[in-house]
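J.: What follows is a structure written as structure tokens; I'll ask about it next.
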Amino acid sequence: MKKVAFQTIVFDSDMNPVVLLVDENQEFVLPLFFTPKELEPILFSLENFIPEQPETYNLLLEIIKTNNLKVKELTITDIFADRVFSVLALKKGRKEQFYNCRINDGLALAIYFKAPIYITEKVELSTYPVTNLPDDLEKELQPLIEEWKKSLN
């Protein structure tokens, strides 16, 4: 398995959000495509934002916190027909449990709890070589996040 990290969010030509995960050596990138609604938990996590009407992600977050669980890691296990399969590892003491989860909720929780993200060798086949990802890409994202927050109120 290879460790990856959240890099940024970009938009495809149809303005659909694409989350970019990059390996530790910045040799490859894994693009994950989302609808704007699917992206919300990830944005909530990045911005520590709690919406007036909680989403599934908020429920999971509260369950993890109130039960003193630790998000150990998220593993992206497969990509098949544009579906991303992932497993979230939770830990309490010495006991570990693994849960299949939607990739958007799993990513949001891993980002929020600063847990490592891994991909399997099979998923690595869906990556692309990194070619000059700009360092200031996150600055470009900030106005979009602010606009999105305003739309929620």
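Every chain in the structure tokens takes a letter, A first, then B, and so on in the order presented; its residues are numbered from 1, and the ligands are numbered from 1 following the presented order.
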Which of region 15-67 of chain A end up as alpha helix (DSSP H) when DSSP is run on this backbone - answer as a list in words?
T.: Pro36, Lys37, Glu38, Leu39, Glu40, Pro41, Ile42, Leu43, Phe44, Ser45, Leu46, Glu47, Thr56, Tyr57, Asn58, Leu59, Leu60, Leu61, Glu62, Ile63, Ile64, Lys65 and Thr66 of chain A
J.: Store the residues picked out above in a file with C-alpha atoms, as a PDB file, in the first residue's frame.
T.:
```pdb
ATOM      1  CA  PRO A  36     -20.925  19.210  -5.571  1.00  0.00           C
ATOM      2  CA  LYS A  37     -23.180  17.542  -2.952  1.00  0.00           C
ATOM      3  CA  GLU A  38     -20.711  14.651  -2.459  1.00  0.00           C
ATOM      4  CA  LEU A  39     -17.919  17.180  -1.937  1.00  0.00           C
ATOM      5  CA  GLU A  40     -19.686  18.896   0.977  1.00  0.00           C
ATOM      6  CA  PRO A  41     -18.363  16.649   3.796  1.00  0.00           C
ATOM      7  CA  ILE A  42     -14.814  17.183   2.572  1.00  0.00           C
ATOM      8  CA  LEU A  43     -15.302  20.948   2.540  1.00  0.00           C
ATOM      9  CA  PHE A  44     -16.946  20.794   5.985  1.00  0.00           C
ATOM     10  CA  SER A  45     -13.876  18.984   7.262  1.00  0.00           C
ATOM     11  CA  LEU A  46     -11.360  21.327   5.631  1.00  0.00           C
ATOM     12  CA  GLU A  47     -13.134  24.383   7.005  1.00  0.00           C
ATOM     13  CA  THR A  56     -24.183  11.983   7.665  1.00  0.00           C
ATOM     14  CA  TYR A  57     -20.583  13.117   8.067  1.00  0.00           C
ATOM     15  CA  ASN A  58     -21.533  15.196  11.135  1.00  0.00           C
ATOM     16  CA  LEU A  59     -23.306  12.222  12.697  1.00  0.00           C
ATOM     17  CA  LEU A  60     -20.266  10.001  12.158  1.00  0.00           C
ATOM     18  CA  LEU A  61     -17.997  12.686  13.560  1.00  0.00           C
ATOM     19  CA  GLU A  62     -20.075  12.948  16.749  1.00  0.00           C
ATOM     20  CA  ILE A  63     -20.232   9.163  17.201  1.00  0.00           C
ATOM     21  CA  ILE A  64     -16.449   8.929  16.861  1.00  0.00           C
ATOM     22  CA  LYS A  65     -15.834  11.793  19.299  1.00  0.00           C
ATOM     23  CA  THR A  66     -18.357  10.783  21.972  1.00  0.00           C
TER      24      THR A  66
END
```
J.: Need to verify the contact set: Thr75 (chain A), 6 Å, only C-alpha atoms, exclusion of same-chain residues closer than 6 positions in sequence. Can you return it as a PyMOL selection string?
T.: chain A and resi 86-87+117-119
J.: As a PyMOL selection string, please: every residue in chain A that DSSP puts in strand (DSSP E).
T.: chain A and resi 2-11+17-23+28-33+70-80+83-92+95-101+117-119+128-129
J.: Which polymer residues have any atom within 12 Å of an atom of region 22-24 of chain A, counting only C-alpha atoms, with same-chain residues fewer than 5 positions away left out, as an MDAnalysis selection string?
T.: chainID A and resid 1:9 29:32 116:119 124 127:131 133
J.: Those same residues, written as a CSV table (one decimal), in the first residue's frame with N, CA, C and O atoms?
T.:
```csv
chain,number,residue,atom,x,y,z
A,1,MET,N,0.8,-1.2,0.0
A,1,MET,CA,0.0,0.0,0.0
A,1,MET,C,0.9,1.2,0.0
A,1,MET,O,2.0,1.2,0.6
A,2,LYS,N,0.4,2.3,-0.6
A,2,LYS,CA,1.1,3.5,-0.7
A,2,LYS,C,0.3,4.6,0.1
A,2,LYS,O,-0.9,4.7,0.0
A,3,LYS,N,1.0,5.4,0.8
A,3,LYS,CA,0.4,6.5,1.5
A,3,LYS,C,0.2,7.7,0.6
A,3,LYS,O,1.1,8.1,-0.2
A,4,VAL,N,-1.0,8.3,0.7
A,4,VAL,CA,-1.3,9.5,-0.1
A,4,VAL,C,-1.8,10.6,0.8
A,4,VAL,O,-2.1,10.3,2.0
A,5,ALA,N,-1.9,11.8,0.3
A,5,ALA,CA,-2.4,12.9,1.1
A,5,ALA,C,-3.3,13.8,0.3
A,5,ALA,O,-3.1,13.9,-0.9
A,6,PHE,N,-4.3,14.4,0.9
A,6,PHE,CA,-5.1,15.4,0.2
A,6,PHE,C,-4.2,16.5,-0.3
A,6,PHE,O,-3.4,17.1,0.5
A,7,GLN,N,-4.3,16.9,-1.5
A,7,GLN,CA,-3.5,18.0,-2.1
A,7,GLN,C,-4.4,19.2,-2.2
A,7,GLN,O,-4.1,20.2,-1.7
A,8,THR,N,-5.5,19.1,-3.0
A,8,THR,CA,-6.4,20.2,-3.3
A,8,THR,C,-7.6,19.7,-4.0
A,8,THR,O,-7.8,18.5,-4.3
A,9,ILE,N,-8.5,20.7,-4.3
A,9,ILE,CA,-9.6,20.4,-5.1
A,9,ILE,C,-9.5,21.3,-6.4
A,9,ILE,O,-9.2,22.5,-6.3
A,29,VAL,N,-0.5,11.3,-8.8
A,29,VAL,CA,-1.7,11.9,-8.3
A,29,VAL,C,-2.9,11.0,-8.6
A,29,VAL,O,-3.0,10.3,-9.7
A,30,LEU,N,-3.8,10.9,-7.6
A,30,LEU,CA,-5.1,10.1,-7.8
A,30,LEU,C,-6.2,11.1,-7.8
A,30,LEU,O,-6.5,11.7,-6.8
A,31,PRO,N,-6.9,11.3,-9.0
A,31,PRO,CA,-8.0,12.2,-9.0
A,31,PRO,C,-9.3,11.4,-8.7
A,31,PRO,O,-9.5,10.3,-9.1
A,32,LEU,N,-10.1,12.0,-7.8
A,32,LEU,CA,-11.4,11.5,-7.4
A,32,LEU,C,-12.4,12.5,-7.7
A,32,LEU,O,-12.4,13.6,-7.3
A,116,PRO,N,-3.9,9.0,8.4
A,116,PRO,CA,-3.2,8.7,7.1
A,116,PRO,C,-4.2,8.1,6.1
A,116,PRO,O,-5.2,7.4,6.5
A,117,ILE,N,-4.0,8.3,4.8
A,117,ILE,CA,-4.8,7.8,3.7
A,117,ILE,C,-3.9,6.9,2.9
A,117,ILE,O,-2.8,7.3,2.5
A,118,TYR,N,-4.3,5.7,2.6
A,118,TYR,CA,-3.6,4.7,1.8
A,118,TYR,C,-4.3,4.3,0.6
A,118,TYR,O,-5.6,4.3,0.6
A,119,ILE,N,-3.6,3.9,-0.4
A,119,ILE,CA,-4.3,3.3,-1.6
A,119,ILE,C,-3.6,1.9,-1.8
A,119,ILE,O,-2.4,1.7,-1.5
A,124,GLU,N,-3.5,2.1,-7.3
A,124,GLU,CA,-2.3,2.8,-7.8
A,124,GLU,C,-2.3,2.8,-9.3
A,124,GLU,O,-1.8,3.7,-10.0
A,127,THR,N,-3.7,5.9,-11.0
A,127,THR,CA,-3.0,7.2,-10.8
A,127,THR,C,-2.4,7.7,-12.0
A,127,THR,O,-2.2,7.0,-13.0
A,128,TYR,N,-2.0,9.0,-12.0
A,128,TYR,CA,-1.3,9.6,-13.1
A,128,TYR,C,0.0,10.2,-12.6
A,128,TYR,O,0.1,10.7,-11.4
A,129,PRO,N,1.0,10.4,-13.4
A,129,PRO,CA,2.3,11.0,-13.0
A,129,PRO,C,2.0,12.5,-12.6
A,129,PRO,O,1.2,13.1,-13.3
A,130,VAL,N,2.6,13.0,-11.6
A,130,VAL,CA,2.5,14.4,-11.2
A,130,VAL,C,3.3,15.2,-12.2
A,130,VAL,O,4.5,14.9,-12.5
A,131,THR,N,2.7,16.2,-12.8
A,131,THR,CA,3.4,17.1,-13.7
A,131,THR,C,3.1,18.5,-13.3
A,131,THR,O,2.0,19.1,-13.6
A,133,LEU,N,2.3,20.3,-10.4
A,133,LEU,CA,1.1,20.8,-9.6
A,133,LEU,C,1.6,22.2,-9.0
A,133,LEU,O,2.6,22.2,-8.3
```
J.: Any idea what the distance is between CA of Asn104 (chain A) and CA of Pro17 (chain A)?
T.: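 These two atoms are separated by 11.8 Å.
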J.: So the first atom is CA of Ala81 (chain A) and the second is CA of Ala115 (chain A); what is the distance between them in Å, to one decimal place?
T.: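 These atoms are spaced 26.9 Å apart.
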J.: Between CA of Val10 (chain A) and CA of Phe33 (chain A), what is the distance in Å, rounded to a tenth?
T.: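 Interatomic distance here is 9.7 Å.
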J.: Check the smallest atom-to-atom distance from each of A:Val18, A:Lys72, A:Pro51, A:Leu125 to Phe98 (chain A) using only C-alpha atoms, then report the winner.
T.: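 The answer is A:Lys72, which sits nearest to Phe98 (chain A).
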J.: Which polymer residues have any atom within 10 Å of an atom of Leu69 (chain A), counting only C-alpha atoms, with same-chain residues fewer than 6 positions away left out, as a ChimeraX atom specification?
T.: /A:61,63,90-93,95-96
J.: Kindly save the residues from that selection, with N, CA and C atoms included, as a compact mmCIF listing (two decimals), in the first residue's frame.
T.:
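Just written: result.txt:
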```txt
# COMPACT_ATOMS: atom_id res chain seq x y z
N LEU A 61 -18.97 11.93 12.79
CA LEU A 61 -18.00 12.69 13.56
C LEU A 61 -18.36 12.68 15.05
N ILE A 63 -20.34 10.53 16.66
CA ILE A 63 -20.23 9.16 17.20
C ILE A 63 -18.78 8.84 17.53
N LEU A 90 -11.18 2.29 12.56
CA LEU A 90 -11.37 2.99 13.83
C LEU A 90 -10.74 2.17 14.94
N LYS A 91 -10.22 2.87 15.94
CA LYS A 91 -9.52 2.19 17.02
C LYS A 91 -9.96 2.75 18.35
N LYS A 92 -10.13 1.84 19.32
CA LYS A 92 -10.37 2.23 20.70
C LYS A 92 -9.55 1.29 21.56
N GLY A 93 -8.55 1.85 22.23
CA GLY A 93 -7.62 1.00 22.98
C GLY A 93 -6.88 0.11 22.00
N LYS A 95 -8.47 -2.38 20.42
CA LYS A 95 -9.47 -2.94 19.51
C LYS A 95 -9.59 -2.07 18.26
N GLU A 96 -9.48 -2.73 17.11
CA GLU A 96 -9.62 -2.05 15.83
C GLU A 96 -10.82 -2.62 15.09
```
